[in-house]
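*Asks:* Please see the structure below; I have some questions.
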Amino acid sequence: MDEENRTVKIAELRAQIERATYDVDVEAVADAFVSRMLAVHGALRRADVRALLGDAALAKLRTA
């Protein structure tokens, strides 16, 4: 998903929340969003290490 699509999706979600007839726990939504972004970042970082150095290097980093 490219940056423009992400921006559109976030704008769509924001509009849905604004139209909602129920209360939204903003802190819970923010926590979930940040947790997801950190998980994705970690997964991408592990994939980068694996691609650059191989599985052995990733395994060594995990045990360090």
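Ligands are numbered from 1 in the order shown, residues from 1 within each chain, and chains are lettered A, B, ... in the order they appear in the structure tokens.
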As a JSON list (two decimals) with N, CA, C and O atoms, in the first residue's frame, please: every residue in chain A that a backbone DSSP assignment puts in helix (DSSP H, G or I).

*Replies:*
[["chain", "number", "residue", "atom", "x", "y", "z"],
["A", 3, "GLU", "N", 1.86, 5.43, 0.06],
["A", 3, "GLU", "CA", 1.55, 6.52, 1.01],
["A", 3, "GLU", "C", 0.21, 7.19, 0.71],
["A", 3, "GLU", "O", -0.55, 7.51, 1.63],
["A", 4, "GLU", "N", -0.10, 7.40, -0.56],
["A", 4, "GLU", "CA", -1.36, 8.05, -0.92],
["A", 4, "GLU", "C", -2.55, 7.19, -0.50],
["A", 4, "GLU", "O", -3.54, 7.71, 0.05],
["A", 5, "ASN", "N", -2.47, 5.89, -0.71],
["A", 5, "ASN", "CA", -3.55, 4.99, -0.31],
["A", 5, "ASN", "C", -3.72, 4.96, 1.20],
["A", 5, "ASN", "O", -4.83, 4.91, 1.71],
["A", 6, "ARG", "N", -2.60, 4.99, 1.93],
["A", 6, "ARG", "CA", -2.68, 5.02, 3.40],
["A", 6, "ARG", "C", -3.38, 6.29, 3.86],
["A", 6, "ARG", "O", -4.22, 6.25, 4.76],
["A", 7, "THR", "N", -3.01, 7.40, 3.25],
["A", 7, "THR", "CA", -3.60, 8.68, 3.63],
["A", 7, "THR", "C", -5.11, 8.66, 3.37],
["A", 7, "THR", "O", -5.89, 9.12, 4.21],
["A", 8, "VAL", "N", -5.51, 8.13, 2.23],
["A", 8, "VAL", "CA", -6.93, 8.04, 1.90],
["A", 8, "VAL", "C", -7.65, 7.14, 2.89],
["A", 8, "VAL", "O", -8.73, 7.49, 3.38],
["A", 9, "LYS", "N", -7.05, 6.00, 3.22],
["A", 9, "LYS", "CA", -7.67, 5.06, 4.16],
["A", 9, "LYS", "C", -7.84, 5.70, 5.54],
["A", 9, "LYS", "O", -8.89, 5.58, 6.17],
["A", 10, "ILE", "N", -6.81, 6.40, 6.02],
["A", 10, "ILE", "CA", -6.90, 7.06, 7.31],
["A", 10, "ILE", "C", -7.98, 8.13, 7.28],
["A", 10, "ILE", "O", -8.77, 8.26, 8.23],
["A", 11, "ALA", "N", -8.07, 8.89, 6.20],
["A", 11, "ALA", "CA", -9.11, 9.91, 6.07],
["A", 11, "ALA", "C", -10.50, 9.27, 6.08],
["A", 11, "ALA", "O", -11.43, 9.79, 6.71],
["A", 12, "GLU", "N", -10.65, 8.13, 5.40],
["A", 12, "GLU", "CA", -11.94, 7.43, 5.38],
["A", 12, "GLU", "C", -12.31, 6.95, 6.78],
["A", 12, "GLU", "O", -13.46, 7.08, 7.21],
["A", 13, "LEU", "N", -11.35, 6.38, 7.48],
["A", 13, "LEU", "CA", -11.61, 5.91, 8.84],
["A", 13, "LEU", "C", -11.97, 7.07, 9.76],
["A", 13, "LEU", "O", -12.89, 6.96, 10.58],
["A", 14, "ARG", "N", -11.27, 8.17, 9.63],
["A", 14, "ARG", "CA", -11.56, 9.35, 10.44],
["A", 14, "ARG", "C", -12.99, 9.83, 10.18],
["A", 14, "ARG", "O", -13.74, 10.15, 11.11],
["A", 15, "ALA", "N", -13.40, 9.86, 8.91],
["A", 15, "ALA", "CA", -14.76, 10.29, 8.57],
["A", 15, "ALA", "C", -15.80, 9.33, 9.14],
["A", 15, "ALA", "O", -16.85, 9.77, 9.64],
["A", 16, "GLN", "N", -15.53, 8.03, 9.10],
["A", 16, "GLN", "CA", -16.45, 7.05, 9.67],
["A", 16, "GLN", "C", -16.60, 7.26, 11.17],
["A", 16, "GLN", "O", -17.72, 7.19, 11.71],
["A", 17, "ILE", "N", -15.50, 7.52, 11.84],
["A", 17, "ILE", "CA", -15.55, 7.74, 13.28],
["A", 17, "ILE", "C", -16.34, 9.01, 13.60],
["A", 17, "ILE", "O", -17.15, 9.03, 14.53],
["A", 18, "GLU", "N", -16.13, 10.05, 12.81],
["A", 18, "GLU", "CA", -16.85, 11.30, 13.05],
["A", 18, "GLU", "C", -18.36, 11.13, 12.85],
["A", 18, "GLU", "O", -19.15, 11.79, 13.51],
["A", 19, "ARG", "N", -18.76, 10.25, 11.93],
["A", 19, "ARG", "CA", -20.18, 10.01, 11.67],
["A", 19, "ARG", "C", -20.80, 9.03, 12.66],
["A", 19, "ARG", "O", -22.02, 8.87, 12.70],
["A", 26, "VAL", "N", -10.55, 7.28, 22.23],
["A", 26, "VAL", "CA", -9.47, 7.81, 21.42],
["A", 26, "VAL", "C", -8.13, 7.23, 21.85],
["A", 26, "VAL", "O", -7.28, 6.89, 21.01],
["A", 27, "GLU", "N", -7.92, 7.09, 23.15],
["A", 27, "GLU", "CA", -6.66, 6.54, 23.65],
["A", 27, "GLU", "C", -6.48, 5.09, 23.19],
["A", 27, "GLU", "O", -5.39, 4.70, 22.78],
["A", 28, "ALA", "N", -7.54, 4.30, 23.24],
["A", 28, "ALA", "CA", -7.46, 2.90, 22.81],
["A", 28, "ALA", "C", -7.17, 2.81, 21.31],
["A", 28, "ALA", "O", -6.37, 1.98, 20.88],
["A", 29, "VAL", "N", -7.80, 3.66, 20.53],
["A", 29, "VAL", "CA", -7.57, 3.68, 19.09],
["A", 29, "VAL", "C", -6.13, 4.08, 18.80],
["A", 29, "VAL", "O", -5.44, 3.45, 17.99],
["A", 30, "ALA", "N", -5.64, 5.10, 19.48],
["A", 30, "ALA", "CA", -4.26, 5.55, 19.28],
["A", 30, "ALA", "C", -3.28, 4.46, 19.68],
["A", 30, "ALA", "O", -2.31, 4.20, 18.97],
["A", 31, "ASP", "N", -3.53, 3.81, 20.82],
["A", 31, "ASP", "CA", -2.65, 2.73, 21.27],
["A", 31, "ASP", "C", -2.62, 1.58, 20.26],
["A", 31, "ASP", "O", -1.55, 1.05, 19.94],
["A", 32, "ALA", "N", -3.78, 1.21, 19.75],
["A", 32, "ALA", "CA", -3.85, 0.13, 18.77],
["A", 32, "ALA", "C", -3.13, 0.51, 17.48],
["A", 32, "ALA", "O", -2.40, -0.31, 16.90],
["A", 33, "PHE", "N", -3.30, 1.74, 17.04],
["A", 33, "PHE", "CA", -2.65, 2.21, 15.82],
["A", 33, "PHE", "C", -1.13, 2.19, 15.98],
["A", 33, "PHE", "O", -0.41, 1.67, 15.13],
["A", 34, "VAL", "N", -0.64, 2.71, 17.09],
["A", 34, "VAL", "CA", 0.80, 2.75, 17.33],
["A", 34, "VAL", "C", 1.35, 1.33, 17.46],
["A", 34, "VAL", "O", 2.41, 1.01, 16.89],
["A", 35, "SER", "N", 0.64, 0.46, 18.16],
["A", 35, "SER", "CA", 1.09, -0.93, 18.30],
["A", 35, "SER", "C", 1.21, -1.61, 16.95],
["A", 35, "SER", "O", 2.18, -2.32, 16.68],
["A", 36, "ARG", "N", 0.24, -1.38, 16.11],
["A", 36, "ARG", "CA", 0.25, -1.99, 14.77],
["A", 36, "ARG", "C", 1.42, -1.46, 13.95],
["A", 36, "ARG", "O", 2.11, -2.22, 13.27],
["A", 37, "MET", "N", 1.64, -0.15, 14.00],
["A", 37, "MET", "CA", 2.74, 0.44, 13.23],
["A", 37, "MET", "C", 4.09, -0.08, 13.72],
["A", 37, "MET", "O", 4.98, -0.37, 12.93],
["A", 38, "LEU", "N", 4.24, -0.24, 15.04],
["A", 38, "LEU", "CA", 5.48, -0.77, 15.58],
["A", 38, "LEU", "C", 5.68, -2.23, 15.18],
["A", 38, "LEU", "O", 6.80, -2.65, 14.87],
["A", 39, "ALA", "N", 4.61, -3.00, 15.17],
["A", 39, "ALA", "CA", 4.70, -4.40, 14.75],
["A", 39, "ALA", "C", 5.11, -4.50, 13.28],
["A", 39, "ALA", "O", 5.97, -5.31, 12.92],
["A", 40, "VAL", "N", 4.52, -3.67, 12.45],
["A", 40, "VAL", "CA", 4.86, -3.67, 11.03],
["A", 40, "VAL", "C", 6.31, -3.25, 10.85],
["A", 40, "VAL", "O", 7.06, -3.87, 10.09],
["A", 41, "HIS", "N", 6.72, -2.22, 11.57],
["A", 41, "HIS", "CA", 8.10, -1.75, 11.48],
["A", 41, "HIS", "C", 9.07, -2.87, 11.88],
["A", 41, "HIS", "O", 10.07, -3.11, 11.21],
["A", 42, "GLY", "N", 8.76, -3.56, 12.97],
["A", 42, "GLY", "CA", 9.61, -4.65, 13.42],
["A", 42, "GLY", "C", 9.69, -5.77, 12.40],
["A", 42, "GLY", "O", 10.77, -6.32, 12.14],
["A", 43, "ALA", "N", 8.56, -6.11, 11.81],
["A", 43, "ALA", "CA", 8.53, -7.17, 10.79],
["A", 43, "ALA", "C", 9.36, -6.76, 9.58],
["A", 43, "ALA", "O", 10.11, -7.58, 9.02],
["A", 44, "LEU", "N", 9.21, -5.53, 9.15],
["A", 44, "LEU", "CA", 9.99, -5.06, 8.00],
["A", 44, "LEU", "C", 11.48, -5.03, 8.32],
["A", 44, "LEU", "O", 12.31, -5.37, 7.47],
["A", 45, "ARG", "N", 11.80, -4.64, 9.52],
["A", 45, "ARG", "CA", 13.21, -4.60, 9.93],
["A", 45, "ARG", "C", 13.81, -6.01, 9.94],
["A", 45, "ARG", "O", 14.93, -6.22, 9.47],
["A", 46, "ARG", "N", 13.06, -6.98, 10.46],
["A", 46, "ARG", "CA", 13.55, -8.37, 10.45],
["A", 46, "ARG", "C", 13.71, -8.87, 9.02],
["A", 46, "ARG", "O", 14.69, -9.55, 8.71],
["A", 47, "ALA", "N", 12.78, -8.51, 8.16],
["A", 47, "ALA", "CA", 12.88, -8.92, 6.75],
["A", 47, "ALA", "C", 14.10, -8.29, 6.10],
["A", 47, "ALA", "O", 14.80, -8.94, 5.31],
["A", 48, "ASP", "N", 14.39, -7.03, 6.43],
["A", 48, "ASP", "CA", 15.58, -6.37, 5.89],
["A", 48, "ASP", "C", 16.85, -7.06, 6.34],
["A", 48, "ASP", "O", 17.76, -7.28, 5.55],
["A", 49, "VAL", "N", 16.92, -7.40, 7.63],
["A", 49, "VAL", "CA", 18.10, -8.09, 8.16],
["A", 49, "VAL", "C", 18.27, -9.43, 7.46],
["A", 49, "VAL", "O", 19.36, -9.80, 7.04],
["A", 50, "ARG", "N", 17.17, -10.15, 7.34],
["A", 50, "ARG", "CA", 17.22, -11.46, 6.69],
["A", 50, "ARG", "C", 17.68, -11.32, 5.25],
["A", 50, "ARG", "O", 18.52, -12.10, 4.78],
["A", 51, "ALA", "N", 17.17, -10.32, 4.54],
["A", 51, "ALA", "CA", 17.54, -10.13, 3.14],
["A", 51, "ALA", "C", 19.01, -9.73, 3.00],
["A", 51, "ALA", "O", 19.70, -10.17, 2.07],
["A", 52, "LEU", "N", 19.50, -8.90, 3.92],
["A", 52, "LEU", "CA", 20.87, -8.42, 3.82],
["A", 52, "LEU", "C", 21.90, -9.42, 4.34],
["A", 52, "LEU", "O", 22.96, -9.59, 3.75],
["A", 53, "LEU", "N", 21.57, -10.07, 5.47],
["A", 53, "LEU", "CA", 22.58, -10.88, 6.15],
["A", 53, "LEU", "C", 22.26, -12.37, 6.20],
["A", 53, "LEU", "O", 23.13, -13.17, 6.54],
["A", 55, "ASP", "N", 19.42, -15.70, 7.30],
["A", 55, "ASP", "CA", 18.71, -16.21, 8.47],
["A", 55, "ASP", "C", 19.61, -16.39, 9.69],
["A", 55, "ASP", "O", 19.19, -16.17, 10.83],
["A", 56, "ALA", "N", 20.85, -16.79, 9.47],
["A", 56, "ALA", "CA", 21.78, -17.01, 10.60],
["A", 56, "ALA", "C", 22.01, -15.73, 11.37],
["A", 56, "ALA", "O", 22.04, -15.74, 12.61],
["A", 57, "ALA", "N", 22.18, -14.62, 10.68],
["A", 57, "ALA", "CA", 22.40, -13.33, 11.36],
["A", 57, "ALA", "C", 21.17, -12.93, 12.15],
["A", 57, "ALA", "O", 21.29, -12.42, 13.27],
["A", 58, "LEU", "N", 19.99, -13.16, 11.60],
["A", 58, "LEU", "CA", 18.77, -12.82, 12.32],
["A", 58, "LEU", "C", 18.65, -13.67, 13.57],
["A", 58, "LEU", "O", 18.32, -13.17, 14.65],
["A", 59, "ALA", "N", 18.95, -14.96, 13.47],
["A", 59, "ALA", "CA", 18.90, -15.86, 14.64],
["A", 59, "ALA", "C", 19.89, -15.40, 15.70],
["A", 59, "ALA", "O", 19.58, -15.41, 16.89],
["A", 60, "LYS", "N", 21.07, -14.99, 15.28],
["A", 60, "LYS", "CA", 22.09, -14.52, 16.23],
["A", 60, "LYS", "C", 21.62, -13.24, 16.94],
["A", 60, "LYS", "O", 21.81, -13.08, 18.14],
["A", 61, "LEU", "N", 20.97, -12.34, 16.20],
["A", 61, "LEU", "CA", 20.45, -11.11, 16.81],
["A", 61, "LEU", "C", 19.37, -11.41, 17.84],
["A", 61, "LEU", "O", 19.26, -10.75, 18.86],
["A", 62, "ARG", "N", 18.56, -12.39, 17.56],
["A", 62, "ARG", "CA", 17.47, -12.76, 18.48],
["A", 62, "ARG", "C", 18.00, -13.33, 19.78],
["A", 62, "ARG", "O", 17.38, -13.20, 20.83],
["A", 63, "THR", "N", 19.14, -14.01, 19.74],
["A", 63, "THR", "CA", 19.69, -14.61, 20.96],
["A", 63, "THR", "C", 20.61, -13.67, 21.71],
["A", 63, "THR", "O", 20.99, -13.95, 22.83]]
